[in-house]
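Visitor: Supplied structure: query12.json, JSON, C-alpha atoms.
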[["chain", "number", "residue", "atom", "x", "y", "z"],
["A", 1, "MET", "CA", -43.32, -79.37, -47.81],
["A", 2, "PRO", "CA", -41.01, -76.84, -46.13],
["A", 3, "ASP", "CA", -37.51, -77.37, -47.39],
["A", 4, "GLY", "CA", -35.84, -77.02, -43.97],
["A", 5, "PRO", "CA", -36.30, -80.61, -42.86],
["A", 6, "LEU", "CA", -35.42, -81.78, -46.37],
["A", 7, "ARG", "CA", -32.04, -80.10, -46.21],
["A", 8, "ARG", "CA", -31.43, -81.44, -42.74],
["A", 9, "GLN", "CA", -32.32, -84.93, -43.91],
["A", 10, "GLY", "CA", -30.38, -84.76, -47.19],
["A", 11, "GLY", "CA", -27.65, -83.25, -45.03],
["A", 12, "ARG", "CA", -24.93, -83.31, -47.75],
["A", 13, "MET", "CA", -25.50, -80.33, -49.98],
["A", 14, "LYS", "CA", -25.92, -77.93, -47.12],
["A", 15, "PRO", "CA", -22.65, -78.64, -45.21],
["A", 16, "ASP", "CA", -20.79, -78.78, -48.54],
["A", 17, "ARG", "CA", -22.06, -75.37, -49.49],
["A", 18, "LYS", "CA", -21.28, -74.06, -46.01],
["A", 19, "ARG", "CA", -17.78, -75.43, -46.25],
["A", 20, "LEU", "CA", -17.37, -73.91, -49.68],
["A", 21, "ILE", "CA", -18.49, -70.51, -48.37],
["A", 22, "ALA", "CA", -16.08, -70.84, -45.43],
["A", 23, "VAL", "CA", -13.22, -71.82, -47.76],
["A", 24, "GLY", "CA", -14.13, -68.93, -50.05],
["A", 25, "ILE", "CA", -14.01, -66.45, -47.18],
["A", 26, "PHE", "CA", -10.67, -67.83, -45.96],
["A", 27, "ALA", "CA", -9.27, -67.74, -49.49],
["A", 28, "PHE", "CA", -10.42, -64.12, -49.89],
["A", 29, "ILE", "CA", -8.79, -63.14, -46.60],
["A", 30, "GLY", "CA", -5.69, -65.11, -47.63],
["A", 31, "VAL", "CA", -5.44, -63.26, -50.93],
["A", 32, "ILE", "CA", -5.77, -59.90, -49.18],
["A", 33, "ILE", "CA", -3.06, -60.86, -46.67],
["A", 34, "LEU", "CA", -0.85, -62.11, -49.49],
["A", 35, "VAL", "CA", -1.29, -58.87, -51.47],
["A", 36, "ALA", "CA", -0.50, -56.81, -48.36],
["A", 37, "THR", "CA", 2.54, -58.93, -47.48],
["A", 38, "VAL", "CA", 3.97, -58.75, -51.00],
["A", 39, "MET", "CA", 3.32, -54.99, -51.06],
["A", 40, "LEU", "CA", 5.00, -54.32, -47.73],
["A", 41, "THR", "CA", 7.97, -56.59, -48.44],
["A", 42, "TYR", "CA", 8.54, -55.06, -51.86],
["A", 43, "THR", "CA", 8.19, -51.51, -50.53],
["A", 44, "ALA", "CA", 10.60, -52.22, -47.68],
["A", 45, "LEU", "CA", 13.13, -53.85, -50.03],
["A", 46, "VAL", "CA", 12.97, -50.95, -52.50],
["A", 47, "ALA", "CA", 13.38, -48.45, -49.65],
["A", 48, "LEU", "CA", 16.35, -50.42, -48.37],
["A", 49, "ILE", "CA", 18.02, -50.80, -51.77],
["A", 50, "THR", "CA", 17.47, -47.20, -52.90],
["A", 51, "GLY", "CA", 18.75, -46.05, -49.50],
["A", 52, "ILE", "CA", 22.04, -47.86, -50.07],
["A", 53, "ASP", "CA", 24.36, -45.62, -52.00],
["A", 54, "GLY", "CA", 27.77, -46.58, -50.79],
["A", 55, "LEU", "CA", 29.30, -44.63, -47.96],
["A", 56, "PRO", "CA", 27.37, -41.59, -46.78],
["A", 57, "GLN", "CA", 29.09, -38.55, -48.22],
["A", 58, "GLU", "CA", 29.01, -34.87, -47.42],
["A", 59, "LEU", "CA", 30.06, -31.91, -49.46],
["A", 60, "THR", "CA", 31.70, -29.23, -47.38],
["A", 61, "VAL", "CA", 31.97, -25.73, -48.75],
["A", 62, "GLU", "CA", 33.95, -22.96, -47.04],
["A", 63, "VAL", "CA", 34.18, -19.32, -47.98],
["A", 64, "VAL", "CA", 37.75, -18.14, -48.54],
["A", 65, "GLY", "CA", 39.25, -14.76, -49.26],
["A", 66, "GLU", "CA", 40.71, -13.87, -52.65],
["A", 67, "GLU", "CA", 44.15, -13.62, -51.06],
["A", 68, "ASP", "CA", 44.06, -17.36, -50.22],
["A", 69, "LEU", "CA", 43.82, -18.38, -53.85],
["A", 70, "GLN", "CA", 47.42, -17.71, -54.88],
["A", 71, "ASN", "CA", 47.82, -19.43, -58.22],
["A", 72, "ALA", "CA", 45.30, -22.19, -57.63],
["A", 73, "PRO", "CA", 42.83, -22.96, -60.44],
["A", 74, "VAL", "CA", 39.41, -21.35, -60.11],
["A", 75, "ILE", "CA", 36.14, -22.47, -61.67],
["A", 76, "HIS", "CA", 33.69, -19.64, -62.21],
["A", 77, "LEU", "CA", 30.21, -20.99, -61.54],
["A", 78, "THR", "CA", 27.18, -19.80, -63.44],
["A", 79, "ASP", "CA", 23.52, -19.88, -62.47],
["A", 80, "ARG", "CA", 23.10, -22.85, -64.76],
["A", 81, "ASP", "CA", 25.89, -24.73, -62.93],
["A", 82, "LEU", "CA", 24.06, -24.24, -59.64],
["A", 83, "LYS", "CA", 20.76, -25.28, -61.20],
["A", 84, "GLN", "CA", 22.36, -28.47, -62.47],
["A", 85, "HIS", "CA", 24.07, -29.18, -59.14],
["A", 86, "PRO", "CA", 21.43, -28.58, -56.45],
["A", 87, "VAL", "CA", 23.75, -30.01, -53.78],
["A", 88, "LEU", "CA", 26.40, -27.39, -54.53],
["A", 89, "ALA", "CA", 23.72, -24.68, -54.66],
["A", 90, "SER", "CA", 22.37, -25.58, -51.24],
["A", 91, "ALA", "CA", 25.89, -25.86, -49.76],
["A", 92, "ILE", "CA", 26.79, -22.38, -51.06],
["A", 93, "ARG", "CA", 23.48, -20.96, -49.84],
["A", 94, "GLU", "CA", 23.94, -22.46, -46.38],
["A", 95, "ALA", "CA", 27.58, -21.35, -46.16],
["A", 96, "ASN", "CA", 26.59, -17.77, -46.96],
["A", 97, "SER", "CA", 23.84, -17.78, -44.35],
["A", 98, "ASN", "CA", 26.18, -19.21, -41.69],
["A", 99, "PRO", "CA", 26.87, -16.42, -39.15],
["A", 100, "ASN", "CA", 30.06, -18.12, -37.86],
["A", 101, "MET", "CA", 33.53, -17.35, -39.15],
["A", 102, "PRO", "CA", 34.84, -18.97, -41.24],
["A", 103, "LYS", "CA", 31.60, -19.39, -43.17],
["A", 104, "TYR", "CA", 31.09, -23.01, -44.10],
["A", 105, "ALA", "CA", 28.37, -25.63, -44.62],
["A", 106, "SER", "CA", 28.15, -29.38, -45.03],
["A", 107, "VAL", "CA", 25.37, -31.03, -47.01],
["A", 108, "PRO", "CA", 24.78, -34.72, -47.65],
["A", 109, "MET", "CA", 25.06, -35.99, -51.20],
["A", 110, "THR", "CA", 24.67, -39.25, -53.06],
["A", 111, "GLY", "CA", 27.43, -41.16, -54.82],
["A", 112, "VAL", "CA", 26.15, -40.06, -58.23],
["A", 113, "GLU", "CA", 26.16, -36.39, -57.16],
["A", 114, "CYS", "CA", 29.72, -36.78, -55.87],
["A", 115, "LEU", "CA", 30.77, -38.33, -59.18],
["A", 116, "VAL", "CA", 29.30, -35.60, -61.35],
["A", 117, "LEU", "CA", 30.61, -32.82, -59.08],
["A", 118, "THR", "CA", 34.05, -34.41, -59.31],
["A", 119, "GLU", "CA", 33.89, -34.55, -63.09],
["A", 120, "SER", "CA", 32.56, -31.02, -63.47],
["A", 121, "CYS", "CA", 34.18, -29.13, -60.56],
["A", 122, "GLY", "CA", 36.89, -31.51, -59.36],
["A", 123, "VAL", "CA", 35.56, -31.54, -55.79],
["A", 124, "TYR", "CA", 36.99, -34.97, -54.98],
["A", 125, "THR", "CA", 40.36, -34.59, -56.63],
["A", 126, "LYS", "CA", 43.83, -33.85, -55.37],
["A", 127, "GLY", "CA", 44.34, -30.10, -55.51],
["A", 128, "ALA", "CA", 40.65, -29.42, -56.03],
["A", 129, "PRO", "CA", 40.05, -26.09, -57.78],
["A", 130, "TYR", "CA", 38.50, -23.16, -55.97],
["A", 131, "LEU", "CA", 34.97, -22.26, -56.95],
["A", 132, "GLU", "CA", 33.76, -18.73, -57.49],
["A", 133, "TYR", "CA", 30.19, -17.60, -57.58],
["A", 134, "ASP", "CA", 28.92, -14.04, -57.42],
["A", 135, "GLY", "CA", 32.35, -12.69, -56.45],
["A", 136, "VAL", "CA", 32.77, -15.07, -53.49],
["A", 137, "TYR", "CA", 35.39, -17.83, -53.49],
["A", 138, "TYR", "CA", 34.87, -21.25, -52.00],
["A", 139, "VAL", "CA", 37.02, -24.24, -51.18],
["A", 140, "THR", "CA", 35.36, -27.66, -51.25],
["A", 141, "ARG", "CA", 35.98, -30.95, -49.49],
["A", 142, "VAL", "CA", 34.24, -34.31, -49.58],
["A", 143, "LEU", "CA", 33.74, -36.06, -46.27],
["A", 144, "LEU", "CA", 33.20, -39.82, -46.13],
["A", 145, "HIS", "CA", 31.62, -41.29, -43.02],
["B", 1, "MET", "CA", -24.31, -95.28, -44.98],
["B", 2, "GLU", "CA", -21.39, -97.08, -46.64],
["B", 3, "GLU", "CA", -22.50, -95.83, -50.02],
["B", 4, "ASP", "CA", -22.66, -92.28, -48.66],
["B", 5, "ARG", "CA", -18.98, -92.29, -47.74],
["B", 6, "LYS", "CA", -17.72, -93.45, -51.12],
["B", 7, "PRO", "CA", -15.84, -90.58, -52.76],
["B", 8, "GLU", "CA", -17.74, -89.27, -55.71],
["B", 9, "PRO", "CA", -15.63, -88.90, -58.86],
["B", 10, "GLY", "CA", -16.87, -85.30, -59.17],
["B", 11, "ASN", "CA", -15.36, -84.48, -55.77],
["B", 12, "GLN", "CA", -11.83, -85.16, -56.97],
["B", 13, "PHE", "CA", -12.29, -82.72, -59.84],
["B", 14, "LYS", "CA", -13.72, -80.25, -57.38],
["B", 15, "THR", "CA", -10.61, -80.55, -55.15],
["B", 16, "VAL", "CA", -8.24, -80.22, -58.08],
["B", 17, "GLY", "CA", -10.24, -77.23, -59.32],
["B", 18, "LEU", "CA", -10.09, -75.65, -55.88],
["B", 19, "ILE", "CA", -6.33, -76.11, -55.66],
["B", 20, "LEU", "CA", -5.86, -74.64, -59.15],
["B", 21, "ALA", "CA", -8.11, -71.71, -58.25],
["B", 22, "CYS", "CA", -6.05, -71.10, -55.09],
["B", 23, "VAL", "CA", -2.76, -71.20, -57.04],
["B", 24, "LEU", "CA", -4.17, -68.82, -59.64],
["B", 25, "ALA", "CA", -5.49, -66.50, -56.92],
["B", 26, "GLY", "CA", -2.04, -66.60, -55.26],
["B", 27, "ILE", "CA", -0.27, -65.62, -58.50],
["B", 28, "VAL", "CA", -2.77, -62.83, -59.13],
["B", 29, "ALA", "CA", -2.37, -61.67, -55.52],
["B", 30, "VAL", "CA", 1.43, -61.53, -55.78],
["B", 31, "ALA", "CA", 1.27, -59.67, -59.12],
["B", 32, "LEU", "CA", -1.35, -57.27, -57.74],
["B", 33, "GLY", "CA", 0.74, -56.71, -54.60],
["B", 34, "LEU", "CA", 3.83, -55.88, -56.64],
["B", 35, "MET", "CA", 1.91, -53.51, -58.91],
["B", 36, "LEU", "CA", 0.26, -51.76, -55.97],
["B", 37, "ALA", "CA", 3.54, -51.46, -54.08],
["B", 38, "ASP", "CA", 5.25, -50.04, -57.15],
["B", 39, "ALA", "CA", 2.50, -47.48, -57.69],
["B", 40, "LEU", "CA", 2.58, -46.59, -53.99],
["B", 41, "ILE", "CA", 6.36, -46.06, -53.99],
["B", 42, "LEU", "CA", 6.21, -43.83, -57.07],
["B", 43, "TYR", "CA", 3.28, -41.86, -55.67],
["B", 44, "ALA", "CA", 5.06, -41.38, -52.34],
["B", 45, "TYR", "CA", 8.20, -40.14, -54.05],
["B", 46, "GLU", "CA", 6.37, -37.87, -56.52],
["B", 47, "SER", "CA", 4.44, -36.23, -53.69],
["B", 48, "SER", "CA", 7.56, -35.87, -51.52],
["B", 49, "GLY", "CA", 8.42, -32.59, -53.26],
["B", 50, "GLY", "CA", 11.90, -33.72, -54.25],
["B", 51, "GLN", "CA", 13.05, -34.27, -57.80],
["B", 52, "PRO", "CA", 15.76, -36.58, -59.03],
["B", 53, "MET", "CA", 18.42, -35.37, -61.43],
["B", 54, "LEU", "CA", 19.44, -36.81, -64.75],
["B", 55, "TYR", "CA", 23.13, -36.40, -65.52],
["B", 56, "VAL", "CA", 24.94, -37.15, -68.75],
["B", 57, "MET", "CA", 28.65, -37.70, -69.00],
["B", 58, "GLU", "CA", 30.77, -38.00, -72.09],
["B", 59, "ARG", "CA", 33.52, -40.60, -72.53],
["B", 60, "THR", "CA", 36.42, -40.30, -74.90],
["B", 61, "GLU", "CA", 36.25, -43.99, -75.85],
["B", 62, "PRO", "CA", 33.61, -46.64, -75.22],
["B", 63, "GLY", "CA", 36.26, -49.25, -74.40],
["B", 64, "GLU", "CA", 34.84, -52.74, -74.02],
["B", 65, "ASN", "CA", 31.40, -51.46, -73.11],
["B", 66, "VAL", "CA", 28.23, -52.08, -75.05],
["B", 67, "VAL", "CA", 27.57, -49.23, -77.50],
["B", 68, "VAL", "CA", 23.97, -48.27, -78.20],
["B", 69, "PRO", "CA", 23.35, -45.73, -80.97],
["B", 70, "LEU", "CA", 20.95, -42.96, -79.95],
["B", 71, "THR", "CA", 18.15, -42.33, -82.42],
["B", 72, "GLU", "CA", 15.56, -39.59, -82.82],
["B", 73, "ARG", "CA", 13.12, -42.00, -81.18],
["B", 74, "ASP", "CA", 15.19, -41.90, -77.94],
["B", 75, "PHE", "CA", 15.07, -38.10, -77.90],
["B", 76, "VAL", "CA", 11.31, -38.11, -78.51],
["B", 77, "ASP", "CA", 10.72, -40.69, -75.77],
["B", 78, "HIS", "CA", 13.01, -38.91, -73.28],
["B", 79, "PRO", "CA", 12.85, -35.13, -73.79],
["B", 80, "ALA", "CA", 15.17, -34.58, -70.80],
["B", 81, "LEU", "CA", 17.90, -36.50, -72.61],
["B", 82, "ASP", "CA", 17.35, -34.35, -75.69],
["B", 83, "VAL", "CA", 17.62, -31.13, -73.67],
["B", 84, "VAL", "CA", 20.86, -32.24, -71.99],
["B", 85, "ILE", "CA", 22.65, -33.75, -74.97],
["B", 86, "ARG", "CA", 21.71, -31.22, -77.65],
["B", 87, "GLY", "CA", 19.52, -28.60, -76.00],
["B", 88, "GLU", "CA", 19.80, -25.68, -73.59],
["B", 89, "GLU", "CA", 20.96, -27.81, -70.65],
["B", 90, "ARG", "CA", 24.13, -28.84, -72.46],
["B", 91, "ASN", "CA", 26.81, -27.37, -70.24],
["B", 92, "PRO", "CA", 30.05, -29.29, -70.81],
["B", 93, "SER", "CA", 32.82, -29.05, -68.29],
["B", 94, "ALA", "CA", 36.53, -29.34, -68.96],
["B", 95, "TRP", "CA", 38.10, -32.77, -69.36],
["B", 96, "GLU", "CA", 40.75, -32.03, -66.77],
["B", 97, "TRP", "CA", 38.77, -32.71, -63.57],
["B", 98, "GLY", "CA", 38.20, -36.15, -62.07],
["B", 99, "SER", "CA", 38.85, -39.00, -64.46],
["B", 100, "SER", "CA", 40.48, -37.46, -67.52],
["B", 101, "ASP", "CA", 38.62, -39.65, -70.02],
["B", 102, "ARG", "CA", 35.24, -38.52, -68.75],
["B", 103, "ARG", "CA", 33.54, -35.14, -68.47],
["B", 104, "PHE", "CA", 30.22, -33.77, -67.31],
["B", 105, "ILE", "CA", 27.93, -32.71, -70.15],
["B", 106, "GLY", "CA", 24.81, -31.47, -68.38],
["B", 107, "GLY", "CA", 21.92, -32.27, -66.11],
["B", 108, "ALA", "CA", 18.20, -31.72, -65.77],
["B", 109, "ASN", "CA", 15.45, -32.24, -63.24],
["B", 110, "VAL", "CA", 13.20, -35.20, -64.05],
["B", 111, "SER", "CA", 10.18, -36.76, -62.41],
["B", 112, "TYR", "CA", 10.61, -40.02, -60.49],
["B", 113, "ALA", "CA", 8.70, -41.92, -63.17],
["B", 114, "GLU", "CA", 10.96, -40.47, -65.87],
["B", 115, "SER", "CA", 14.03, -41.24, -63.78],
["B", 116, "ARG", "CA", 12.98, -44.87, -63.57],
["B", 117, "ALA", "CA", 12.23, -44.98, -67.32],
["B", 118, "LEU", "CA", 15.73, -43.60, -68.02],
["B", 119, "GLN", "CA", 17.28, -46.17, -65.70],
["B", 120, "ASP", "CA", 15.38, -48.96, -67.41],
["B", 121, "ALA", "CA", 16.40, -47.75, -70.86],
["B", 122, "TYR", "CA", 19.99, -46.62, -70.32],
["B", 123, "GLY", "CA", 20.89, -47.85, -66.83],
["B", 124, "PRO", "CA", 23.50, -50.48, -66.02],
["B", 125, "ASP", "CA", 23.15, -54.11, -66.97],
["B", 126, "ARG", "CA", 21.42, -55.92, -64.10],
["B", 127, "GLU", "CA", 24.06, -58.64, -63.96],
["B", 128, "THR", "CA", 27.34, -56.90, -64.71],
["B", 129, "TRP", "CA", 26.35, -53.39, -63.50],
["B", 130, "VAL", "CA", 28.18, -51.95, -66.49],
["B", 131, "TYR", "CA", 26.61, -48.90, -68.11],
["B", 132, "PRO", "CA", 25.94, -49.01, -71.86],
["B", 133, "HIS", "CA", 27.60, -46.20, -73.84],
["B", 134, "LEU", "CA", 25.22, -44.22, -75.97],
["B", 135, "GLU", "CA", 26.67, -43.08, -79.26],
["B", 136, "TYR", "CA", 25.44, -39.87, -80.87],
["B", 137, "GLU", "CA", 27.25, -37.99, -83.64],
["B", 138, "GLY", "CA", 30.56, -39.66, -82.87],
["B", 139, "ALA", "CA", 30.48, -38.97, -79.12],
["B", 140, "TYR", "CA", 29.85, -41.52, -76.36],
["B", 141, "TYR", "CA", 27.56, -40.73, -73.46],
["B", 142, "VAL", "CA", 26.71, -42.37, -70.14],
["B", 143, "VAL", "CA", 23.39, -41.56, -68.47],
["B", 144, "VAL", "CA", 23.10, -41.60, -64.67],
["B", 145, "THR", "CA", 20.25, -40.58, -62.39],
["B", 146, "THR", "CA", 20.17, -39.79, -58.67],
["B", 147, "TRP", "CA", 17.16, -42.12, -58.25],
["B", 148, "PRO", "CA", 16.57, -45.01, -57.83]]
Would you write out, as structure tokens, the structure that this file holds?

Guide:
Amino acid sequence: MPDGPLRRQGGRMKPDRKRLIAVGIFAFIGVIILVATVMLTYTALVALITGIDGLPQELTVEVVGEEDLQNAPVIHLTDRDLKQHPVLASAIREANSNPNMPKYASVPMTGVECLVLTESCGVYTKGAPYLEYDGVYYVTRVLLH
Amino acid sequence: MEEDRKPEPGNQFKTVGLILACVLAGIVAVALGLMLADALILYAYESSGGQPMLYVMERTEPGENVVVPLTERDFVDHPALDVVIRGEERNPSAWEWGSSDRRFIGGANVSYAESRALQDAYGPDRETWVYPHLEYEGAYYVVVTTWP
């Protein structure tokens, strides 16, 4: 006997199996959607949280002449200082390549960078010291937006 | 016909099994999603070309903060920490700038994965956001990273 009519007559196994297959497919699609949703939400949240770093801050560096120093304290920067403070290095580099007078540059920095620059070079302190690198003197300021 | 419609006892088990399977699949899906997202974020950052910085600062006193003694194991697990605290990247600044009880000791470039590992090991407490103070040879250190 061909089993087609048998299945149609028995009628119960076949729809059950069909339903099971349909449920399986839906469950599979559901799992994929769930994975994607969790992934996107988590990624977006991490991007949002890591993007929050207090107020946006900028380090401004301006080239000054030796005559402006008077008796102000000066920190003599070394290559290692600039390597350890990439923000300061890029600000000094940009200030030196600025064709305008006075030569200055502003670069964004994170809260942690501001903290360590304050502790090492006093950039965010009252009466911040002048910085000297390669014979050029700089005055620094921190801008909060 | 009446007999056909009677619920079979096996069907109830089947439904319960299906629900359990769905719950299990959901949990696995959420865990998988989190793992994939995490790997994706790290990969995106690592291939962005940027590098986070590890900074170490020294405190005169630990105060009320939790003090964690640094061991050789810490230096082996985190070579960047070793290089900054007792290696060639140790570059202490004067105590006079910023907060007078804190000074900059040094910094080093680290990978994003290493930055996260350092945050997990020496970062702030997730509830109080207070940094533990790491004690090594009588000095107290605080480890900060520019990411995450």

Visitor: Counting all atoms listed in the file, which residues from chain B have an atom at most 9 Å from any atom of chain A, and could you show them as a PyMOL selection string?

Guide: chain B and resi 22+25-26+28-38+40-41+53+55-57+89+91-100+102-109+144-148

Visitor: Mind giving me the straight-line distance from atom CA of A:Ser97 to atom CA of A:Gly127 in Å, one decimal?

Guide: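 So the answer is 26.4 Å.
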
Visitor: Could you tell me how far atom CA of A:Leu59 lies from atom CA of A:Ala105, in Å and to one decimal?

Guide: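 Calculated distance between atom CA of A:Leu59 and atom CA of A:Ala105 is 8.1 Å.
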
Visitor: Show me, as JSON, the centre and edge lengths in Å to one decimal of the axis-aligned box that covers every listed atom of stretch 67-81 of chain A with 6 Å on each side.

Guide:
{"center_x": 35.5, "center_y": -19.2, "center_z": -57.5, "size_x": 36.7, "size_y": 23.1, "size_z": 26.5}

Visitor: Between atom CA of A:Leu144 and atom CA of B:Asp120, what is the spacing in Å?

Guide: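 Interatomic distance here is 29.2 Å.
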
Visitor: Name the closest residue to B:Pro79 among the candidates B:Ile27, B:Ala39, B:Leu54, B:Val66; distances are taken between atoms, counting all atoms listed in the file.

Guide: B:Leu54
